[in-house]
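Asker: To be precise about what I am sending: the file is called my_file-v9.cif and holds mmCIF, C-alpha atoms and all ligand atoms.
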data_upload
loop_
_atom_site.group_PDB
_atom_site.id
_atom_site.type_symbol
_atom_site.label_atom_id
_atom_site.label_comp_id
_atom_site.auth_asym_id
_atom_site.auth_seq_id
_atom_site.Cartn_x
_atom_site.Cartn_y
_atom_site.Cartn_z
ATOM 1 C CA MET A 1 141.048 43.772 -60.399
ATOM 2 C CA SER A 2 142.327 40.366 -59.423
ATOM 3 C CA MET A 3 141.243 38.951 -56.123
ATOM 4 C CA LYS A 4 143.906 39.118 -53.463
ATOM 5 C CA ILE A 5 144.822 35.621 -52.500
ATOM 6 C CA PRO A 6 146.758 35.049 -49.294
ATOM 7 C CA PHE A 7 150.296 34.236 -50.304
ATOM 8 C CA PHE A 8 151.956 32.389 -47.470
ATOM 9 C CA LYS A 9 149.182 33.111 -44.995
ATOM 10 C CA GLN A 10 148.069 29.637 -44.105
ATOM 11 C CA LYS A 11 151.261 27.810 -43.572
ATOM 12 C CA GLU A 12 150.456 24.355 -44.866
ATOM 13 C CA SER A 13 150.531 21.509 -42.403
ATOM 14 C CA LYS A 14 153.968 20.051 -42.047
ATOM 15 C CA ALA A 15 152.496 16.742 -43.250
ATOM 16 C CA ASN A 16 152.296 18.327 -46.652
ATOM 17 C CA GLU A 17 155.929 19.318 -46.637
ATOM 18 C CA THR A 18 158.786 17.065 -47.475
ATOM 19 C CA SER A 19 159.092 15.173 -44.229
ATOM 20 C CA ASP A 20 162.854 15.145 -44.073
ATOM 21 C CA SER A 21 164.527 18.512 -43.972
ATOM 22 C CA ASP A 22 167.959 16.902 -44.401
ATOM 23 C CA ASN A 23 169.604 17.258 -47.723
ATOM 24 C CA MET A 24 167.283 19.991 -48.951
ATOM 25 C CA PRO A 25 168.490 22.006 -51.914
ATOM 26 C CA ARG A 26 169.553 25.536 -50.998
ATOM 27 C CA HIS A 27 168.967 26.882 -54.464
ATOM 28 C CA VAL A 28 166.331 25.598 -56.891
ATOM 29 C CA ALA A 29 166.150 26.884 -60.461
ATOM 30 C CA VAL A 30 163.127 26.315 -62.684
ATOM 31 C CA ILE A 31 162.641 26.491 -66.444
ATOM 32 C CA MET A 32 158.919 27.182 -66.504
ATOM 33 C CA ASP A 33 157.955 25.739 -69.876
ATOM 34 C CA GLY A 34 154.782 24.666 -71.669
ATOM 35 C CA ASN A 35 152.482 27.658 -71.283
ATOM 36 C CA GLY A 36 151.805 27.897 -75.006
ATOM 37 C CA ARG A 37 150.998 24.204 -75.382
ATOM 38 C CA TRP A 38 148.741 24.350 -72.326
ATOM 39 C CA ALA A 39 146.741 27.148 -73.952
ATOM 40 C CA LYS A 40 146.672 25.479 -77.368
ATOM 41 C CA LYS A 41 145.218 22.288 -75.872
ATOM 42 C CA ARG A 42 142.331 24.407 -74.603
ATOM 43 C CA GLY A 43 141.835 26.342 -77.826
ATOM 44 C CA LEU A 44 143.068 29.503 -76.109
ATOM 45 C CA PRO A 45 145.647 32.082 -77.234
ATOM 46 C CA ARG A 46 149.189 31.435 -75.973
ATOM 47 C CA ILE A 47 149.018 34.397 -73.618
ATOM 48 C CA ALA A 48 146.262 32.639 -71.676
ATOM 49 C CA GLY A 49 148.882 30.028 -70.829
ATOM 50 C CA HIS A 50 151.305 32.690 -69.621
ATOM 51 C CA LYS A 51 148.601 34.208 -67.463
ATOM 52 C CA ALA A 52 147.757 30.833 -65.923
ATOM 53 C CA GLY A 53 151.457 30.208 -65.366
ATOM 54 C CA MET A 54 151.769 33.396 -63.345
ATOM 55 C CA ASP A 55 149.644 32.025 -60.532
ATOM 56 C CA VAL A 56 151.746 28.866 -60.441
ATOM 57 C CA VAL A 57 154.747 31.094 -59.697
ATOM 58 C CA ARG A 58 153.046 32.189 -56.518
ATOM 59 C CA ASP A 59 152.217 28.613 -55.461
ATOM 60 C CA VAL A 60 155.755 27.408 -56.087
ATOM 61 C CA ALA A 61 157.301 30.405 -54.300
ATOM 62 C CA LYS A 62 155.112 29.659 -51.320
ATOM 63 C CA ALA A 63 156.113 25.988 -51.335
ATOM 64 C CA ALA A 64 159.781 26.955 -51.630
ATOM 65 C CA ALA A 65 159.548 29.356 -48.687
ATOM 66 C CA ASN A 66 157.775 26.754 -46.572
ATOM 67 C CA SER A 67 160.448 24.210 -47.424
ATOM 68 C CA ASP A 68 163.191 26.568 -46.226
ATOM 69 C CA ILE A 69 164.787 26.875 -49.631
ATOM 70 C CA GLU A 70 167.096 29.898 -49.727
ATOM 71 C CA THR A 71 166.861 30.821 -53.395
ATOM 72 C CA LEU A 72 164.307 30.126 -56.097
ATOM 73 C CA THR A 73 165.443 31.249 -59.555
ATOM 74 C CA LEU A 74 162.683 31.280 -62.166
ATOM 75 C CA TYR A 75 163.360 31.567 -65.890
ATOM 76 C CA ALA A 76 160.754 34.117 -66.934
ATOM 77 C CA PHE A 77 162.128 35.523 -70.201
ATOM 78 C CA SER A 78 165.187 34.457 -72.166
ATOM 79 C CA THR A 79 167.396 36.480 -74.489
ATOM 80 C CA GLU A 80 165.999 34.207 -77.244
ATOM 81 C CA ASN A 81 162.355 34.917 -76.398
ATOM 82 C CA TRP A 82 162.582 38.215 -78.343
ATOM 83 C CA ARG A 83 162.151 35.990 -81.419
ATOM 84 C CA ARG A 84 158.467 35.546 -80.554
ATOM 85 C CA PRO A 85 155.695 37.684 -82.043
ATOM 86 C CA THR A 86 155.758 41.228 -80.645
ATOM 87 C CA SER A 87 152.338 40.835 -79.060
ATOM 88 C CA GLU A 88 153.515 37.790 -77.103
ATOM 89 C CA VAL A 89 156.787 39.488 -76.094
ATOM 90 C CA ASN A 90 154.830 42.506 -74.876
ATOM 91 C CA TYR A 91 152.511 40.310 -72.876
ATOM 92 C CA LEU A 92 155.369 38.339 -71.299
ATOM 93 C CA LEU A 93 157.094 41.579 -70.323
ATOM 94 C CA SER A 94 153.900 42.896 -68.747
ATOM 95 C CA LEU A 95 153.631 39.914 -66.414
ATOM 96 C CA PRO A 96 156.267 40.945 -63.843
ATOM 97 C CA LYS A 97 154.318 44.143 -63.198
ATOM 98 C CA GLU A 98 151.042 42.263 -62.985
ATOM 99 C CA PHE A 99 152.497 39.600 -60.696
ATOM 100 C CA LEU A 100 154.036 42.189 -58.378
ATOM 101 C CA HIS A 101 150.882 44.290 -58.389
ATOM 102 C CA ILE A 102 148.976 41.334 -56.971
ATOM 103 C CA TYR A 103 151.570 39.659 -54.791
ATOM 104 C CA LEU A 104 154.161 42.226 -53.663
ATOM 105 C CA PRO A 105 152.322 43.086 -50.413
ATOM 106 C CA GLU A 106 152.317 39.434 -49.408
ATOM 107 C CA LEU A 107 155.900 38.950 -50.480
ATOM 108 C CA ILE A 108 156.858 41.839 -48.206
ATOM 109 C CA GLU A 109 154.742 40.487 -45.341
ATOM 110 C CA ASN A 110 156.442 37.151 -45.670
ATOM 111 C CA ASN A 111 160.011 38.400 -45.681
ATOM 112 C CA VAL A 112 160.666 37.436 -49.319
ATOM 113 C CA ARG A 113 163.394 39.302 -51.175
ATOM 114 C CA VAL A 114 162.864 39.914 -54.881
ATOM 115 C CA GLU A 115 165.859 40.019 -57.212
ATOM 116 C CA THR A 116 166.511 39.574 -60.918
ATOM 117 C CA ILE A 117 169.288 38.335 -63.154
ATOM 118 C CA GLY A 118 169.637 39.249 -66.802
ATOM 119 C CA ASP A 119 170.098 42.370 -68.874
ATOM 120 C CA SER A 120 167.426 44.722 -67.606
ATOM 121 C CA THR A 121 168.665 47.722 -69.594
ATOM 122 C CA VAL A 122 166.540 46.904 -72.647
ATOM 123 C CA LEU A 123 163.342 46.035 -70.780
ATOM 124 C CA PRO A 124 160.357 48.371 -71.156
ATOM 125 C CA ASP A 125 160.206 51.080 -68.486
ATOM 126 C CA HIS A 126 157.028 49.711 -66.919
ATOM 127 C CA THR A 127 158.732 46.342 -66.385
ATOM 128 C CA LYS A 128 161.898 47.938 -64.991
ATOM 129 C CA ASP A 129 159.936 50.249 -62.699
ATOM 130 C CA ALA A 130 157.820 47.455 -61.220
ATOM 131 C CA VAL A 131 160.844 45.254 -60.684
ATOM 132 C CA ASN A 132 162.979 48.035 -59.188
ATOM 133 C CA ASP A 133 160.156 48.984 -56.862
ATOM 134 C CA ALA A 134 159.868 45.358 -55.672
ATOM 135 C CA LYS A 135 163.627 45.086 -55.238
ATOM 136 C CA SER A 136 163.912 48.228 -53.175
ATOM 137 C CA LYS A 137 160.896 47.378 -51.004
ATOM 138 C CA THR A 138 162.213 43.891 -50.246
ATOM 139 C CA MET A 139 165.969 44.444 -50.138
ATOM 140 C CA MET A 140 166.148 44.193 -46.346
ATOM 141 C CA ASN A 141 164.199 40.922 -46.215
ATOM 142 C CA ASP A 142 166.141 37.796 -45.384
ATOM 143 C CA GLY A 143 163.639 35.037 -46.123
ATOM 144 C CA LEU A 144 163.279 33.331 -49.511
ATOM 145 C CA LEU A 145 165.189 35.010 -52.328
ATOM 146 C CA LEU A 146 162.783 35.014 -55.268
ATOM 147 C CA ASN A 147 165.038 35.568 -58.227
ATOM 148 C CA PHE A 148 163.531 36.162 -61.678
ATOM 149 C CA ALA A 149 165.680 35.548 -64.739
ATOM 150 C CA LEU A 150 164.410 38.311 -66.987
ATOM 151 C CA ASN A 151 165.987 38.837 -70.368
ATOM 152 C CA TYR A 152 168.520 36.307 -69.200
ATOM 153 C CA GLY A 153 170.849 34.329 -71.450
ATOM 154 C CA SER A 154 173.799 32.383 -70.162
ATOM 155 C CA ARG A 155 176.049 33.024 -73.148
ATOM 156 C CA TYR A 156 175.358 36.752 -73.029
ATOM 157 C CA GLU A 157 176.101 36.683 -69.303
ATOM 158 C CA MET A 158 179.425 34.956 -69.969
ATOM 159 C CA ILE A 159 180.379 37.376 -72.750
ATOM 160 C CA GLU A 160 179.667 40.324 -70.454
ATOM 161 C CA ALA A 161 181.746 38.685 -67.717
ATOM 162 C CA ILE A 162 184.640 38.062 -70.099
ATOM 163 C CA LYS A 163 184.538 41.699 -71.257
ATOM 164 C CA GLN A 164 184.559 42.950 -67.674
ATOM 165 C CA ILE A 165 187.368 40.601 -66.700
ATOM 166 C CA ALA A 166 189.416 41.816 -69.681
ATOM 167 C CA ALA A 167 188.738 45.442 -68.709
ATOM 168 C CA ASP A 168 189.738 44.797 -65.092
ATOM 169 C CA VAL A 169 192.920 43.035 -66.178
ATOM 170 C CA ASP A 170 193.639 46.020 -68.426
ATOM 171 C CA ASP A 171 193.152 48.390 -65.501
ATOM 172 C CA SER A 172 195.261 46.161 -63.251
ATOM 173 C CA ALA A 173 192.239 45.675 -60.974
ATOM 174 C CA LEU A 174 192.621 41.937 -61.582
ATOM 175 C CA SER A 175 195.613 39.829 -62.477
ATOM 176 C CA LEU A 176 195.273 36.765 -64.678
ATOM 177 C CA ASP A 177 196.957 34.658 -62.001
ATOM 178 C CA GLU A 178 194.035 35.339 -59.687
ATOM 179 C CA LEU A 179 191.501 34.078 -62.189
ATOM 180 C CA ASP A 180 189.828 30.920 -60.919
ATOM 181 C CA GLU A 181 186.282 29.521 -60.700
ATOM 182 C CA ASP A 182 185.341 31.728 -57.752
ATOM 183 C CA VAL A 183 186.555 34.872 -59.468
ATOM 184 C CA VAL A 184 184.701 34.046 -62.690
ATOM 185 C CA SER A 185 181.538 33.309 -60.665
ATOM 186 C CA ARG A 186 181.722 36.765 -59.136
ATOM 187 C CA TYR A 187 181.561 38.360 -62.587
ATOM 188 C CA LEU A 188 178.266 36.651 -63.412
ATOM 189 C CA TYR A 189 174.782 37.999 -62.644
ATOM 190 C CA THR A 190 174.595 35.321 -59.955
ATOM 191 C CA ASN A 191 177.759 36.597 -58.256
ATOM 192 C CA ASN A 192 176.538 36.302 -54.674
ATOM 193 C CA LEU A 193 174.376 33.196 -55.095
ATOM 194 C CA SER A 194 175.265 29.581 -54.543
ATOM 195 C CA ASP A 195 174.964 27.400 -57.647
ATOM 196 C CA PRO A 196 171.568 25.747 -58.160
ATOM 197 C CA ASP A 197 171.456 22.382 -56.441
ATOM 198 C CA LEU A 198 168.373 21.370 -58.368
ATOM 199 C CA LEU A 199 167.174 22.415 -61.827
ATOM 200 C CA ILE A 200 163.575 21.634 -62.741
ATOM 201 C CA ARG A 201 162.196 21.848 -66.273
ATOM 202 C CA THR A 202 158.536 21.297 -67.061
ATOM 203 C CA SER A 203 156.731 20.380 -70.318
ATOM 204 C CA GLY A 204 158.765 17.352 -71.361
ATOM 205 C CA GLU A 205 161.595 19.268 -73.034
ATOM 206 C CA GLN A 206 164.977 18.158 -71.786
ATOM 207 C CA ARG A 207 167.368 20.976 -72.585
ATOM 208 C CA LEU A 208 168.897 23.967 -70.840
ATOM 209 C CA SER A 209 167.854 26.625 -73.377
ATOM 210 C CA ASN A 210 170.756 28.910 -72.444
ATOM 211 C CA PHE A 211 169.919 28.906 -68.719
ATOM 212 C CA LEU A 212 172.659 29.065 -66.067
ATOM 213 C CA LEU A 213 175.164 27.042 -68.097
ATOM 214 C CA TRP A 214 178.129 27.847 -65.837
ATOM 215 C CA GLN A 215 176.145 27.640 -62.610
ATOM 216 C CA CYS A 216 174.488 24.284 -63.385
ATOM 217 C CA ALA A 217 177.767 22.438 -63.944
ATOM 218 C CA TYR A 218 176.871 20.070 -61.083
ATOM 219 C CA SER A 219 173.171 20.687 -60.577
ATOM 220 C CA GLU A 220 170.804 17.766 -60.293
ATOM 221 C CA LEU A 221 168.303 17.819 -63.164
ATOM 222 C CA TRP A 222 164.619 16.974 -62.764
ATOM 223 C CA PHE A 223 162.238 16.802 -65.705
ATOM 224 C CA THR A 224 158.492 16.394 -65.852
ATOM 225 C CA ASP A 225 156.012 16.222 -68.749
ATOM 226 C CA ILE A 226 153.625 18.441 -66.788
ATOM 227 C CA LEU A 227 153.040 21.778 -68.520
ATOM 228 C CA TRP A 228 153.912 24.781 -66.327
ATOM 229 C CA PRO A 229 150.305 25.990 -65.782
ATOM 230 C CA ASP A 230 149.453 22.482 -64.481
ATOM 231 C CA PHE A 231 152.500 22.343 -62.186
ATOM 232 C CA THR A 232 151.573 22.453 -58.501
ATOM 233 C CA ALA A 233 153.177 22.852 -55.097
ATOM 234 C CA ASP A 234 152.817 19.071 -54.739
ATOM 235 C CA THR A 235 154.787 18.459 -57.930
ATOM 236 C CA PHE A 236 157.420 20.859 -56.666
ATOM 237 C CA ARG A 237 157.641 18.966 -53.375
ATOM 238 C CA GLN A 238 157.941 15.712 -55.322
ATOM 239 C CA ALA A 239 160.986 17.155 -57.091
ATOM 240 C CA LEU A 240 162.461 18.122 -53.709
ATOM 241 C CA THR A 241 161.859 14.642 -52.315
ATOM 242 C CA ASP A 242 163.482 13.072 -55.374
ATOM 243 C CA TYR A 243 166.425 15.435 -54.990
ATOM 244 C CA GLN A 244 166.838 14.343 -51.374
ATOM 245 C CA GLN A 245 167.399 10.763 -52.574
ATOM 246 C CA ARG A 246 170.101 11.744 -55.056
ATOM 247 C CA LYS A 247 173.716 11.055 -54.338
ATOM 248 C CA ARG A 248 175.896 13.878 -55.602
ATOM 249 C CA ARG A 249 179.396 12.747 -56.343
ATOM 250 C CA TYR A 250 181.056 15.704 -58.079
ATOM 251 C CA GLY A 251 183.346 13.344 -59.913
ATOM 252 C CA GLY A 252 184.374 11.562 -56.736
ATOM 253 C CA VAL A 253 183.163 8.194 -55.488
HETATM 254 C C1 LIG B 1 157.197 29.059 -71.184
HETATM 255 O O1 LIG B 1 156.185 28.580 -71.985
HETATM 256 C C2 LIG B 1 157.120 30.544 -70.982
HETATM 257 C C3 LIG B 1 158.210 31.275 -71.606
HETATM 258 C C4 LIG B 1 159.109 30.807 -72.412
HETATM 259 C C5 LIG B 1 158.306 32.672 -71.286
HETATM 260 P P1 LIG B 1 156.271 28.639 -73.570
HETATM 261 O O2 LIG B 1 155.677 29.915 -74.022
HETATM 262 O O3 LIG B 1 157.640 28.364 -74.047
HETATM 263 O O4 LIG B 1 155.292 27.455 -73.955
HETATM 264 P P2 LIG B 1 155.525 26.357 -75.057
HETATM 265 O O5 LIG B 1 156.865 25.742 -74.797
HETATM 266 O O6 LIG B 1 155.479 27.039 -76.370
HETATM 267 O O7 LIG B 1 154.415 25.379 -74.848
HETATM 268 C C1 LIG B 2 162.964 28.631 -72.032
HETATM 269 O O1 LIG B 2 161.817 28.174 -72.660
HETATM 270 C C2 LIG B 2 162.800 30.048 -71.617
HETATM 271 C C3 LIG B 2 161.888 30.291 -70.499
HETATM 272 C C4 LIG B 2 161.225 29.383 -69.835
HETATM 273 C C5 LIG B 2 161.758 31.665 -70.109
HETATM 274 P P1 LIG B 2 161.652 28.257 -74.235
HETATM 275 O O2 LIG B 2 160.335 27.640 -74.533
HETATM 276 O O3 LIG B 2 161.872 29.635 -74.708
HETATM 277 O O4 LIG B 2 162.863 27.357 -74.760
HETATM 278 P P2 LIG B 2 163.009 26.475 -76.062
HETATM 279 O O5 LIG B 2 162.706 27.365 -77.220
HETATM 280 O O6 LIG B 2 162.037 25.350 -75.942
HETATM 281 O O7 LIG B 2 164.421 25.989 -76.025
HETATM 282 MG MG MG B 3 158.645 26.696 -74.498
#
Turn this file's structure into structure tokens for me.
Answerer:
Amino acid sequence: MSMKIPFFKQKESKANETSDSDNMPRHVAVIMDGNGRWAKKRGLPRIAGHKAGMDVVRDVAKAAANSDIETLTLYAFSTENWRRPTSEVNYLLSLPKEFLHIYLPELIENNVRVETIGDSTVLPDHTKDAVNDAKSKTMMNDGLLLNFALNYGSRYEMIEAIKQIAADVDDSALSLDELDEDVVSRYLYTNNLSDPDLLIRTSGEQRLSNFLLWQCAYSELWFTDILWPDFTADTFRQALTDYQQRKRRYGGV
């Protein structure tokens, strides 16, 4: 049994928060990378890195909620991660259940809503059940939206959207003249979310790895060499502060 750690209980002193609430990102997306390398450096199996990374999820969710971020989207398992050894895949897909077992009560207490994006149909039942339980118990909450990308791949998402658009055009539910960026966005898993303002990737890799390719068209990117299990709420707040200094131009001047 893991020890129950208060989730948002002690709201950290405001001095610890980004001082300026202006210009805060509404939606932050994170590619949580480097768990395997973190474990390897310690002579541990890769899954030890995934386990350590799970607790960082809680710390970052707490920091996001305390910084009044609306949506935190975390890349937990990609459509390409099936290429890993079965034992590692199984472990990764057991983590949502483990995370929710420990933290769901506090998520509920703190008005967090849990959602997912990705193709859940092929996930193991125990993963689906835990996630569906968390979604239904938090669906009325209107605080932080904690959104896990689980079996998510941007190209797959786009193919599914294109198929659905074609079907709706076929059925005359949609006309091609109506098709614009907003309509396409509504066919994606992220249909009711704003695009990420800030995308963070840990571990020194600087690539998108099939994450939110449409949605990140104008996201600000923030990279750190820190491996995900070593990432902290302070590092997260540093990314927010850096974001606040950025000037987004969207092709204008
Ligand atoms: C990120 O860490 C976790 C997932 C991809 C699920 P990795 O497992 O990719 O760790 P590295 O990149 O091999 O160090
Ligand atoms: C991206 O990390 C996927 C997740 C964080 C879930 P990967 O480690 O799988 O990506 P690559 O292989 O470095 O591109
Ligand atoms: Mg990796």
Asker: Could you give me, as a PyMOL selection string, every polymer residue with an atom at most 12 Å away from an atom of ligand LIG 2 (chain B), counting all atoms listed in the file?
Answerer: chain A and resi 29-37+46+50+53+73-84+88-89+92-93+118+148-154+200-212+227-228
Asker: Show me, as number ranges by chain, the residues that have an atom within 10 Å of A:Ser136 when counting all atoms listed in the file, minus same-chain residues fewer than 3 positions from it.
Answerer: A: 113-115, 131-133, 139-140
Asker: One number please: atom CA of A:Leu198 to atom CA of A:Val28, in Å, one decimal.
Answerer: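 Going from atom CA of A:Leu198 over to atom CA of A:Val28 covers 4.9 Å.
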Asker: For stretch 219-222 of chain A, I'd like the enclosing box, axis-aligned and padded by 4 Å on every side, reported as lines of an AutoDock Vina configuration file with centre and edge lengths in Å to one decimal.
Answerer:
center_x = 168.9
center_y = 18.8
center_z = -61.7
size_x = 16.6
size_y = 11.7
size_z = 10.9
Asker: Please list as a VMD selection string every residue within 12 Å of stretch 164-172 of chain A, counting only C-alpha atoms and excluding residues in the same chain fewer than 6 positions away.
Answerer: chain A and resid 157 to 158 178 to 180 183 to 188
Asker: Please indicate the distance in Å from atom CA of A:Asn111 to atom CA of A:Thr138, rounded to one decimal place.
Answerer: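 Distance between the two atoms: 7.5 Å.
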